[in-house]
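Note: the block below is model-v3.tsv and it holds TSV, C-alpha atoms.
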```tsv
chain	number	residue	atom	x	y	z
A	1	MET	CA	-12.97	42.96	55.54
A	2	ASN	CA	-10.43	44.74	53.35
A	3	THR	CA	-12.48	45.69	50.29
A	4	SER	CA	-9.61	47.25	48.34
A	5	VAL	CA	-8.67	43.95	46.68
A	6	ASP	CA	-11.55	42.55	44.66
A	7	ALA	CA	-15.26	43.19	44.20
A	8	THR	CA	-15.75	39.43	44.52
A	9	ASP	CA	-13.41	38.99	47.49
A	10	THR	CA	-14.74	36.62	50.16
A	11	SER	CA	-11.70	36.57	52.42
A	12	THR	CA	-11.97	36.76	56.20
A	13	ASP	CA	-9.53	39.66	56.67
A	14	LEU	CA	-10.82	41.47	59.77
A	15	SER	CA	-9.26	44.85	58.95
A	16	THR	CA	-11.73	47.73	59.24
A	17	ARG	CA	-9.83	49.81	56.67
A	18	ILE	CA	-11.78	50.52	53.49
A	19	ASP	CA	-10.03	51.75	50.38
A	20	PHE	CA	-11.59	52.12	46.95
A	21	LEU	CA	-10.34	53.04	43.49
A	22	TYR	CA	-11.28	56.29	41.79
A	23	LEU	CA	-11.31	56.20	37.99
A	24	SER	CA	-11.57	59.51	36.12
A	25	GLU	CA	-12.75	59.61	32.52
A	26	PRO	CA	-9.15	59.45	31.19
A	27	ASP	CA	-8.56	56.50	33.53
A	28	MET	CA	-11.66	54.77	32.16
A	29	VAL	CA	-10.42	55.24	28.60
A	30	ALA	CA	-7.01	53.82	29.54
A	31	ALA	CA	-8.77	50.86	31.17
A	32	GLY	CA	-10.63	50.03	27.96
A	33	VAL	CA	-14.09	51.48	28.51
A	34	THR	CA	-14.36	52.34	24.79
A	35	ASP	CA	-13.42	48.83	23.60
A	36	MET	CA	-16.68	47.98	21.85
A	37	ALA	CA	-15.76	44.41	20.94
A	38	ALA	CA	-15.04	43.61	24.60
A	39	CYS	CA	-18.20	45.44	25.66
A	40	VAL	CA	-20.39	43.41	23.29
A	41	ASP	CA	-18.83	40.21	24.65
A	42	THR	CA	-19.47	41.38	28.22
A	43	MET	CA	-23.09	42.30	27.48
A	44	GLU	CA	-23.66	38.88	25.95
A	45	ARG	CA	-22.30	37.27	29.14
A	46	MET	CA	-24.54	39.58	31.16
A	47	PHE	CA	-27.64	38.49	29.22
A	48	ARG	CA	-26.87	34.83	29.90
A	49	VAL	CA	-26.73	35.56	33.63
A	50	LEU	CA	-29.88	37.66	33.36
A	51	GLY	CA	-31.72	34.94	31.48
A	52	ALA	CA	-30.81	32.44	34.20
A	53	GLY	CA	-32.39	34.78	36.78
A	54	ASP	CA	-29.22	35.47	38.81
A	55	TYR	CA	-29.72	39.20	39.29
A	56	ARG	CA	-31.72	41.82	41.19
A	57	MET	CA	-32.74	45.34	40.30
A	58	ALA	CA	-34.96	47.78	42.16
A	59	GLY	CA	-38.76	47.75	42.52
A	60	LYS	CA	-41.20	45.21	43.79
A	61	ASN	CA	-40.53	42.80	40.93
A	62	ALA	CA	-36.73	43.39	41.17
A	63	ASP	CA	-36.72	44.54	37.53
A	64	SER	CA	-37.14	48.31	37.75
A	65	HIS	CA	-35.08	50.63	35.59
A	66	GLY	CA	-34.46	52.78	38.68
A	67	ALA	CA	-35.76	55.64	40.80
A	68	MET	CA	-36.21	59.08	39.25
A	69	VAL	CA	-36.65	62.56	40.70
A	70	THR	CA	-38.58	64.92	38.42
A	71	PHE	CA	-39.82	68.46	38.93
A	72	PRO	CA	-43.20	70.22	38.71
A	73	ASP	CA	-44.26	72.44	35.83
A	74	ALA	CA	-44.84	75.32	38.26
A	75	PRO	CA	-42.62	74.98	41.38
A	76	LEU	CA	-43.86	76.69	44.52
A	77	PHE	CA	-40.33	77.41	45.73
A	78	PRO	CA	-38.03	79.96	44.08
A	79	ARG	CA	-34.93	77.74	43.71
A	80	MET	CA	-36.64	74.47	42.82
A	81	PRO	CA	-35.97	73.48	39.19
A	82	ARG	CA	-38.84	73.68	36.75
A	83	ASN	CA	-39.91	70.68	34.65
A	84	ALA	CA	-38.14	70.75	31.31
A	85	GLU	CA	-36.75	68.35	28.72
A	86	ASP	CA	-34.44	65.82	30.40
A	87	ARG	CA	-34.61	67.66	33.76
A	88	ARG	CA	-34.22	64.91	36.33
A	89	PHE	CA	-32.01	63.03	38.75
A	90	MET	CA	-31.89	59.24	38.66
A	91	ALA	CA	-30.42	56.32	40.58
A	92	MET	CA	-30.12	52.92	38.89
A	93	PRO	CA	-29.04	50.14	41.31
A	94	ALA	CA	-28.51	46.46	40.58
A	95	TYR	CA	-26.88	43.20	41.65
A	96	LEU	CA	-25.55	40.85	38.96
A	97	GLY	CA	-24.51	37.31	39.80
A	98	GLY	CA	-22.66	34.66	37.83
A	99	ASP	CA	-18.97	35.40	37.30
A	100	PHE	CA	-19.68	39.10	37.87
A	101	HIS	CA	-21.00	38.78	41.46
A	102	ALA	CA	-21.10	42.53	41.95
A	103	ALA	CA	-23.50	45.29	42.97
A	104	GLY	CA	-23.53	48.93	42.09
A	105	VAL	CA	-25.50	52.04	41.29
A	106	LYS	CA	-25.37	54.61	38.51
A	107	TRP	CA	-26.34	58.10	39.66
A	108	TYR	CA	-26.84	60.99	37.29
A	109	GLY	CA	-28.37	64.39	36.83
A	110	SER	CA	-29.71	65.52	33.48
A	111	ASN	CA	-30.53	68.88	31.94
A	112	VAL	CA	-30.69	69.58	28.22
A	113	GLU	CA	-29.45	73.12	28.94
A	114	ASN	CA	-26.05	71.62	29.78
A	115	LYS	CA	-25.25	71.55	26.07
A	116	LYS	CA	-25.09	75.36	25.99
A	117	ALA	CA	-22.18	75.13	28.42
A	118	GLY	CA	-20.39	72.43	26.45
A	119	LEU	CA	-21.41	69.70	28.90
A	120	PRO	CA	-23.18	66.41	28.22
A	121	ARG	CA	-26.95	66.42	28.73
A	122	SER	CA	-26.51	63.87	31.55
A	123	ILE	CA	-23.52	63.57	33.89
A	124	HIS	CA	-22.99	60.06	35.26
A	125	LEU	CA	-21.15	58.52	38.19
A	126	PHE	CA	-21.00	54.83	39.00
A	127	VAL	CA	-20.26	53.20	42.36
A	128	LEU	CA	-19.33	49.53	42.46
A	129	ASN	CA	-19.81	47.85	45.85
A	130	ASP	CA	-18.59	44.77	47.68
A	131	VAL	CA	-21.54	42.37	47.71
A	132	GLU	CA	-20.91	41.15	51.27
A	133	THR	CA	-20.17	44.38	53.17
A	134	GLY	CA	-21.73	46.96	50.85
A	135	ALA	CA	-18.50	48.98	51.01
A	136	PRO	CA	-17.44	50.91	47.91
A	137	VAL	CA	-14.92	49.15	45.70
A	138	ALA	CA	-14.70	51.76	42.94
A	139	LEU	CA	-16.02	55.20	42.03
A	140	MET	CA	-16.05	55.74	38.29
A	141	SER	CA	-16.71	58.42	35.74
A	142	ALA	CA	-19.63	56.82	33.93
A	143	ASN	CA	-20.66	58.78	30.84
A	144	LEU	CA	-18.55	56.55	28.58
A	145	LEU	CA	-19.45	53.47	30.63
A	146	SER	CA	-23.14	54.19	30.06
A	147	ALA	CA	-22.79	55.11	26.39
A	148	MET	CA	-20.76	52.02	25.53
A	149	ARG	CA	-23.00	49.51	27.29
A	150	THR	CA	-26.04	51.16	25.67
A	151	GLY	CA	-24.48	50.85	22.23
A	152	ALA	CA	-23.31	47.29	22.81
A	153	ILE	CA	-26.82	45.90	23.35
A	154	PRO	CA	-27.90	46.40	19.69
A	155	GLY	CA	-24.72	44.53	18.76
A	156	VAL	CA	-25.63	41.57	20.96
A	157	GLY	CA	-28.98	41.54	19.18
A	158	ALA	CA	-27.21	41.73	15.81
A	159	ARG	CA	-25.17	38.65	16.66
A	160	GLN	CA	-28.38	36.76	17.32
A	161	PHE	CA	-30.81	38.22	14.82
A	162	ALA	CA	-29.02	40.05	11.97
A	163	ARG	CA	-28.22	38.02	8.87
A	164	GLU	CA	-24.57	37.02	8.72
A	165	ASP	CA	-24.29	38.59	5.26
A	166	SER	CA	-25.60	41.99	6.44
A	167	ARG	CA	-24.13	44.80	4.35
A	168	VAL	CA	-26.37	47.88	4.82
A	169	VAL	CA	-27.33	49.74	8.01
A	170	GLY	CA	-30.12	52.34	8.13
A	171	ILE	CA	-29.97	54.93	10.94
A	172	VAL	CA	-32.63	57.44	11.93
A	173	GLY	CA	-31.27	59.87	14.51
A	174	PRO	CA	-27.46	60.11	14.09
A	175	GLY	CA	-26.47	61.12	17.63
A	176	VAL	CA	-24.16	59.58	20.22
A	177	MET	CA	-26.39	56.53	20.65
A	178	ALA	CA	-26.28	55.87	16.91
A	179	ARG	CA	-22.49	56.09	16.91
A	180	THR	CA	-22.06	53.41	19.57
A	181	ALA	CA	-24.79	51.28	17.98
A	182	LEU	CA	-22.96	51.39	14.65
A	183	GLN	CA	-19.73	50.39	16.38
A	184	SER	CA	-21.45	47.34	17.85
A	185	PHE	CA	-23.13	46.41	14.55
A	186	ILE	CA	-19.73	46.34	12.85
A	187	VAL	CA	-18.33	44.20	15.67
A	188	ALA	CA	-21.21	41.76	15.18
A	189	ARG	CA	-21.37	41.91	11.38
A	190	PRO	CA	-17.99	43.08	10.02
A	191	GLY	CA	-19.17	42.83	6.40
A	192	ILE	CA	-21.15	46.09	6.71
A	193	GLU	CA	-20.30	48.36	3.76
A	194	LEU	CA	-22.92	51.13	3.65
A	195	VAL	CA	-24.68	53.27	6.26
A	196	LYS	CA	-27.71	55.35	5.30
A	197	VAL	CA	-28.41	58.23	7.69
A	198	LYS	CA	-31.43	60.45	8.29
A	199	GLY	CA	-31.13	63.19	10.89
A	200	ARG	CA	-32.99	66.33	11.86
A	201	GLY	CA	-30.52	68.67	10.22
A	202	ALA	CA	-27.51	68.86	7.94
A	203	ARG	CA	-25.07	69.68	10.75
A	204	GLY	CA	-25.79	66.49	12.70
A	205	GLU	CA	-25.83	64.36	9.58
A	206	GLN	CA	-22.52	65.71	8.35
A	207	ALA	CA	-20.90	65.31	11.78
A	208	PHE	CA	-21.99	61.68	11.84
A	209	ARG	CA	-20.68	61.10	8.31
A	210	GLU	CA	-17.27	62.57	9.17
A	211	TRP	CA	-17.05	60.54	12.38
A	212	ALA	CA	-18.09	57.25	10.70
A	213	GLU	CA	-15.71	57.66	7.76
A	214	ARG	CA	-12.87	58.47	10.16
A	215	GLU	CA	-13.74	55.60	12.54
A	216	PHE	CA	-14.25	53.02	9.78
A	217	PRO	CA	-12.09	53.79	6.72
A	218	GLY	CA	-13.71	52.46	3.56
A	219	LEU	CA	-17.25	52.57	5.00
A	220	ARG	CA	-19.66	54.42	2.72
A	221	VAL	CA	-22.04	56.88	4.41
A	222	GLU	CA	-25.05	58.18	2.51
A	223	ILE	CA	-27.21	61.04	3.80
A	224	VAL	CA	-30.84	60.41	2.85
A	225	ALA	CA	-33.93	62.60	2.79
A	226	THR	CA	-36.53	60.52	4.66
A	227	ASN	CA	-36.92	57.75	7.23
A	228	GLU	CA	-38.19	55.54	4.42
A	229	ASP	CA	-34.96	56.09	2.47
A	230	ALA	CA	-32.92	55.05	5.51
A	231	VAL	CA	-34.94	51.88	6.08
A	232	ARG	CA	-35.44	50.56	2.55
A	233	ASP	CA	-33.00	47.80	1.53
A	234	ALA	CA	-31.23	47.94	4.93
A	235	ASP	CA	-30.25	44.67	6.60
A	236	ILE	CA	-30.00	46.39	10.00
A	237	VAL	CA	-32.13	49.37	11.05
A	238	THR	CA	-31.97	51.46	14.21
A	239	TYR	CA	-33.95	54.49	15.37
A	240	CYS	CA	-31.97	56.54	17.91
A	241	THR	CA	-34.21	59.57	18.18
A	242	THR	CA	-35.46	61.51	21.20
A	243	SER	CA	-39.21	62.08	21.07
A	244	GLY	CA	-41.61	64.00	23.24
A	245	GLY	CA	-45.37	64.17	23.27
A	246	THR	CA	-47.70	61.30	22.46
A	247	PRO	CA	-46.93	58.16	20.42
A	248	GLU	CA	-48.63	59.76	17.43
A	249	ASN	CA	-45.61	62.10	17.30
A	250	TYR	CA	-43.00	59.34	17.40
A	251	PRO	CA	-41.03	58.76	14.17
A	252	GLU	CA	-42.79	56.41	11.78
A	253	LEU	CA	-41.67	52.96	10.66
A	254	ARG	CA	-43.73	51.05	8.11
A	255	ARG	CA	-43.42	47.40	7.17
A	256	GLU	CA	-43.54	48.15	3.46
A	257	TRP	CA	-40.19	49.90	3.91
A	258	VAL	CA	-38.57	46.95	5.71
A	259	ALA	CA	-36.61	44.37	3.72
A	260	PRO	CA	-37.29	40.67	4.34
A	261	GLY	CA	-34.83	39.36	6.93
A	262	ALA	CA	-34.11	42.79	8.44
A	263	TYR	CA	-33.08	43.20	12.07
A	264	LEU	CA	-34.65	46.28	13.69
A	265	ALA	CA	-32.83	47.52	16.83
A	266	MET	CA	-34.93	50.07	18.71
A	267	PRO	CA	-33.38	51.82	21.75
A	268	SER	CA	-35.87	54.70	21.48
A	269	SER	CA	-39.38	55.55	20.38
A	270	VAL	CA	-40.94	54.56	17.07
A	271	ARG	CA	-44.46	54.55	15.64
A	272	LEU	CA	-45.07	51.13	14.11
A	273	ASP	CA	-47.74	50.42	11.55
A	274	GLU	CA	-50.12	47.48	12.08
A	275	ALA	CA	-48.27	45.27	9.61
A	276	LEU	CA	-45.15	45.40	11.80
A	277	LEU	CA	-47.22	44.03	14.67
A	278	ALA	CA	-48.31	40.95	12.71
A	279	PRO	CA	-47.49	37.55	14.26
A	280	ASP	CA	-44.81	36.81	11.66
A	281	VAL	CA	-42.68	39.74	12.91
A	282	ARG	CA	-40.68	38.48	15.86
A	283	THR	CA	-40.82	40.84	18.85
A	284	VAL	CA	-37.93	40.57	21.31
A	285	VAL	CA	-37.06	42.67	24.39
A	286	ASP	CA	-33.97	42.98	26.54
A	287	ASN	CA	-35.86	41.87	29.67
A	288	THR	CA	-39.60	41.18	29.96
A	289	GLY	CA	-39.53	42.07	33.67
A	290	LEU	CA	-38.25	45.56	32.86
A	291	TYR	CA	-41.35	46.34	30.80
A	292	GLU	CA	-43.65	44.74	33.35
A	293	ALA	CA	-42.10	47.05	35.97
A	294	TRP	CA	-42.62	50.08	33.74
A	295	ALA	CA	-46.23	49.02	33.11
A	296	ASP	CA	-46.76	48.90	36.87
A	297	GLU	CA	-44.98	52.21	37.58
A	298	PHE	CA	-46.58	54.04	34.63
A	299	PRO	CA	-49.99	52.43	34.14
A	300	TYR	CA	-51.56	51.95	30.71
A	301	PRO	CA	-50.98	53.56	28.26
A	302	THR	CA	-47.35	53.20	29.30
A	303	TYR	CA	-45.91	54.03	25.88
A	304	ALA	CA	-47.07	57.62	26.24
A	305	SER	CA	-44.83	57.98	29.33
A	306	ILE	CA	-41.91	55.69	28.48
A	307	PRO	CA	-41.00	56.01	24.77
A	308	ILE	CA	-39.39	52.57	24.44
A	309	VAL	CA	-41.11	50.22	21.99
A	310	GLY	CA	-41.33	47.36	24.52
A	311	CYS	CA	-43.79	49.54	26.42
A	312	HIS	CA	-45.91	49.55	23.27
A	313	PHE	CA	-45.83	45.75	23.44
A	314	THR	CA	-47.11	45.73	27.04
A	315	ASP	CA	-49.85	48.18	26.04
A	316	LEU	CA	-50.86	45.81	23.24
A	317	ILE	CA	-50.90	42.91	25.72
A	318	HIS	CA	-53.11	45.01	28.00
A	319	GLU	CA	-55.48	45.58	25.06
A	320	GLY	CA	-55.53	41.89	24.17
A	321	ARG	CA	-53.89	42.58	20.80
A	322	MET	CA	-50.66	40.72	21.60
A	323	ALA	CA	-50.19	37.47	23.51
A	324	PRO	CA	-47.66	37.70	26.38
A	325	GLU	CA	-45.59	34.88	24.90
A	326	GLU	CA	-45.12	36.90	21.70
A	327	MET	CA	-42.83	39.26	23.67
A	328	GLU	CA	-39.64	37.19	23.79
A	329	ASP	CA	-36.73	37.77	26.17
A	330	ILE	CA	-33.21	37.78	24.69
A	331	GLY	CA	-31.65	36.72	27.99
A	332	LYS	CA	-33.82	33.64	28.16
A	333	ILE	CA	-33.03	32.89	24.51
A	334	LEU	CA	-29.29	33.03	25.26
A	335	ALA	CA	-29.50	31.20	28.59
A	336	SER	CA	-31.48	28.36	27.00
A	337	GLY	CA	-28.95	27.87	24.21
A	338	GLN	CA	-31.58	28.48	21.53
A	339	GLY	CA	-30.45	29.86	18.22
A	340	GLY	CA	-31.11	33.37	17.02
A	341	ARG	CA	-33.03	34.04	13.83
A	342	ARG	CA	-35.21	31.24	12.47
A	343	SER	CA	-35.01	31.96	8.74
A	344	ASP	CA	-33.38	34.30	6.24
A	345	GLU	CA	-36.72	36.04	5.71
A	346	GLU	CA	-37.60	36.60	9.37
A	347	ILE	CA	-37.98	40.23	10.52
A	348	VAL	CA	-36.89	40.73	14.14
A	349	LEU	CA	-37.88	43.81	16.14
A	350	PHE	CA	-35.69	44.22	19.25
A	351	SER	CA	-36.68	46.69	22.00
A	352	ILE	CA	-33.81	48.07	24.09
A	353	GLY	CA	-34.74	49.82	27.34
A	354	GLY	CA	-31.43	49.89	29.21
A	355	MET	CA	-30.78	48.35	32.62
A	356	PRO	CA	-28.39	48.94	35.54
A	357	VAL	CA	-27.19	45.30	35.37
A	358	GLU	CA	-25.48	46.36	32.14
A	359	ASP	CA	-23.59	49.11	34.00
A	360	VAL	CA	-22.61	46.64	36.73
A	361	ALA	CA	-21.29	44.17	34.15
A	362	TRP	CA	-19.20	46.65	32.18
A	363	ALA	CA	-17.99	48.44	35.33
A	364	THR	CA	-16.80	45.13	36.77
A	365	GLN	CA	-14.83	44.33	33.62
A	366	VAL	CA	-13.34	47.82	33.32
A	367	LEU	CA	-12.32	47.75	37.00
A	368	ALA	CA	-10.55	44.42	36.46
A	369	ASN	CA	-8.69	45.97	33.51
A	370	ALA	CA	-7.73	49.01	35.59
A	371	ARG	CA	-6.29	46.84	38.35
A	372	ASP	CA	-4.35	44.72	35.87
A	373	ARG	CA	-2.89	47.87	34.28
A	374	GLY	CA	-2.24	49.82	37.50
A	375	ILE	CA	-4.69	52.56	36.57
A	376	GLY	CA	-6.65	54.76	39.00
A	377	THR	CA	-6.27	56.65	42.25
A	378	PRO	CA	-6.71	54.75	45.54
A	379	LEU	CA	-8.90	56.64	48.01
A	380	ASN	CA	-9.52	55.89	51.66
A	381	LEU	CA	-13.00	55.89	53.21
A	382	TRP	CA	-11.69	55.23	56.71
A	383	ASP	CA	-9.15	53.21	58.67
A	384	VAL	CA	-11.52	52.67	61.59
A	385	PRO	CA	-15.16	53.85	61.38
A	386	VAL	CA	-16.29	56.37	63.98
A	387	LEU	CA	-19.68	54.67	64.16
A	388	ALA	CA	-19.75	50.87	64.02
```
Would you give me this structure, written as structure tokens?
Amino acid sequence: MNTSVDATDTSTDLSTRIDFLYLSEPDMVAAGVTDMAACVDTMERMFRVLGAGDYRMAGKNADSHGAMVTFPDAPLFPRMPRNAEDRRFMAMPAYLGGDFHAAGVKWYGSNVENKKAGLPRSIHLFVLNDVETGAPVALMSANLLSAMRTGAIPGVGARQFAREDSRVVGIVGPGVMARTALQSFIVARPGIELVKVKGRGARGEQAFREWAEREFPGLRVEIVATNEDAVRDADIVTYCTTSGGTPENYPELRREWVAPGAYLAMPSSVRLDEALLAPDVRTVVDNTGLYEAWADEFPYPTYASIPIVGCHFTDLIHEGRMAPEEMEDIGKILASGQGGRRSDEEIVLFSIGGMPVEDVAWATQVLANARDRGIGTPLNLWDVPVLA
């Protein structure tokens, strides 16, 4: 089969030649990888496919985040890396059906020390494969792919759960993830006027302010002193922090700070008070199976190992403090045609863990754009395989 034509090609061409398209980071930009509005639309389509069950990821329940290589605190070999913050290698494979009908894997290495050399903490590649033969269809630079799909998920949630008249966003942790999340919030709720920001230091806060005011002329950005200041009176709240240690060290979020009707998008760790775990606060996740897989791979208390709030939900289910049906699945909500928020006063807490099906979806769309625009470098794997 000639796999250089289409990731969804089902022709009977008997050629053994395999070509694939290489897309550098500039190629990805030219092909629209940073188009947040299109990314939010694509992630919403992805969730509908996910909610219908037409997908597979790794692990025994086909819902695993991926496979990770970590390192010991005291390596016995002189060149083996030592355990440190974000020191890992990871593969995240998935198949996504529906109109996507594509498979692929994101592979990356991560080391916080990269920043000293002017490099991103993690360096990502993505391979998109033909579903029938398994042959590569595209090899892509994937840092922007990953960042954009991560940021688009809070925007899909905002379309469903944020009030249509949302005006104020509160951000704790103004890094890259917060930038893409804000982009998606404004796609979903274009009436946003004010962003309140709490960071760890003045440099990061000021950099975020300058970026946001440049990206969205007329948007007001207010630097605040505490998490509480960021959350109070906000229609949309997101915590985009990186946290180590135990859940007691995670950044705090209290219900008394949260406005009625607020949408809380959580792609990272947060320490919730008991009032935010009351039955009248709606708890939604990006995929229930993802958190069940994490609970199996990192047994209770999972939240101490995986600082994503959905893992706190599965810990609470383990303790008998939350009923399984209280952890709703956004994909199933979308696939069923149900509406989003139920009332103007409803508080919705949305956990975002990240999944390789998201990378497959956005990679498939960006590849289609690249082909339409004649972007990328064709590469040859072989004309005739030596071993077949």
Cut-off 8 Å: closest range 57-132 of chain A/range 364-381 of chain A atom pairs per residue, using all atoms listed in the file, as JSON lines:
```
{"residue": "A:Phe100", "atom": "CA", "partner": "A:Thr364", "partner_atom": "CA", "distance": 6.8}
{"residue": "A:Ala102", "atom": "CA", "partner": "A:Thr364", "partner_atom": "CA", "distance": 7.2}
{"residue": "A:Leu128", "atom": "CA", "partner": "A:Thr364", "partner_atom": "CA", "distance": 7.6}
```
Give the answer as one residue: which of A:Glu205, A:Asp41, A:Asp130, A:Asp329 has the shortest atom-to-atom distance to Ala103 in chain A, using only C-alpha atoms?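 Closest candidate: A:Asp130.
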Write out as a Markdown table the residues of range 207-310 of chain A that have any atom within 6 Å of an atom of range 59-66 of chain A, one row each with the nearest atom pair and its distance in Å to one decimal, counting only C-alpha atoms, sorted by chain and then rising number.
```
| residue | atom | partner | partner_atom | distance |
| --- | --- | --- | --- | --- |
| A:Gly289 | CA | A:Asp63 | CA | 5.4 |
| A:Leu290 | CA | A:Asp63 | CA | 5.0 |
| A:Ala293 | CA | A:Ser64 | CA | 5.4 |
```
In the coordinates of the file, take the point (-25.0, 37.1, 24.8) and a cut-off of 10 Å; then, counting all atoms listed in the file, name each qualifying protein, DNA or RNA residue as a ChimeraX atom specification. /A:40-51,153,155-157,159-160,330-331,333-335
Can you work out which one of A:Ala38, A:Met57, A:Val172, A:Met266 has the shortest atom-to-atom distance to Ile352 in chain A, counting all atoms listed in the file?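 Of A:Ala38, A:Met57, A:Val172, A:Met266, the one nearest Ile352 in chain A, counting all atoms listed in the file, is A:Met266.
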Which residues, written as a PyMOL selection string, have at least one atom at most 7 Å from range 227-229 of chain A, with all atoms listed in the file counted and residues fewer than 2 positions away on the same chain left out? chain A and resi 172+198+224-225+231-232+257
Given only C-alpha atoms as the basis, pick out the residue of A:Arg82, A:Arg341, A:Arg271, A:His101 nearest to Ala361 in chain A.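 Checking each candidate against Ala361 in chain A, we get A:His101 as the closest.
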Considering only C-alpha atoms, can you say which of A:Leu96, A:Leu219, A:Val258, A:Ala207 comes closest to Val281 in chain A?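 Closest residue, counting only C-alpha atoms: A:Val258.
Remark: for Glu326 in chain A, the closest of the candidate residues A:Asp296, A:Tyr250, A:Thr302, A:Thr288 is A:Thr288 (distances computed over all atoms listed in the file).
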Near Val348 in chain A, within 8 Å and counting only C-alpha atoms, which residues show up once chain neighbours fewer than 3 positions away are dropped, as a PyMOL selection string? chain A and resi 161+261-264+281-284+341
In Å, how far is it from CA of Val168 in chain A to CA of Glu222 in chain A?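 CA of Val168 in chain A sits 10.6 Å away from CA of Glu222 in chain A.
Considering only C-alpha atoms, the residue among A:Ala158, A:Val285, A:Leu144, A:Ala202 positioned nearest to Gly32 in chain A is A:Leu144.
We find CA of Thr180 in chain A and CA of Lys196 in chain A to be spaced 15.5 Å apart.
By chain and then residue number, the residues within 9 Å of Lys106 in chain A are A:Met90, A:Ala91, A:Met92, A:Pro93, A:Ala94, A:His124, A:Leu125, A:Phe126, A:Val127, A:Leu128, A:Ala142, A:Ser146, A:Pro356, A:Asp359, A:Val360, counting only C-alpha atoms and disregarding those fewer than 5 positions away in sequence.
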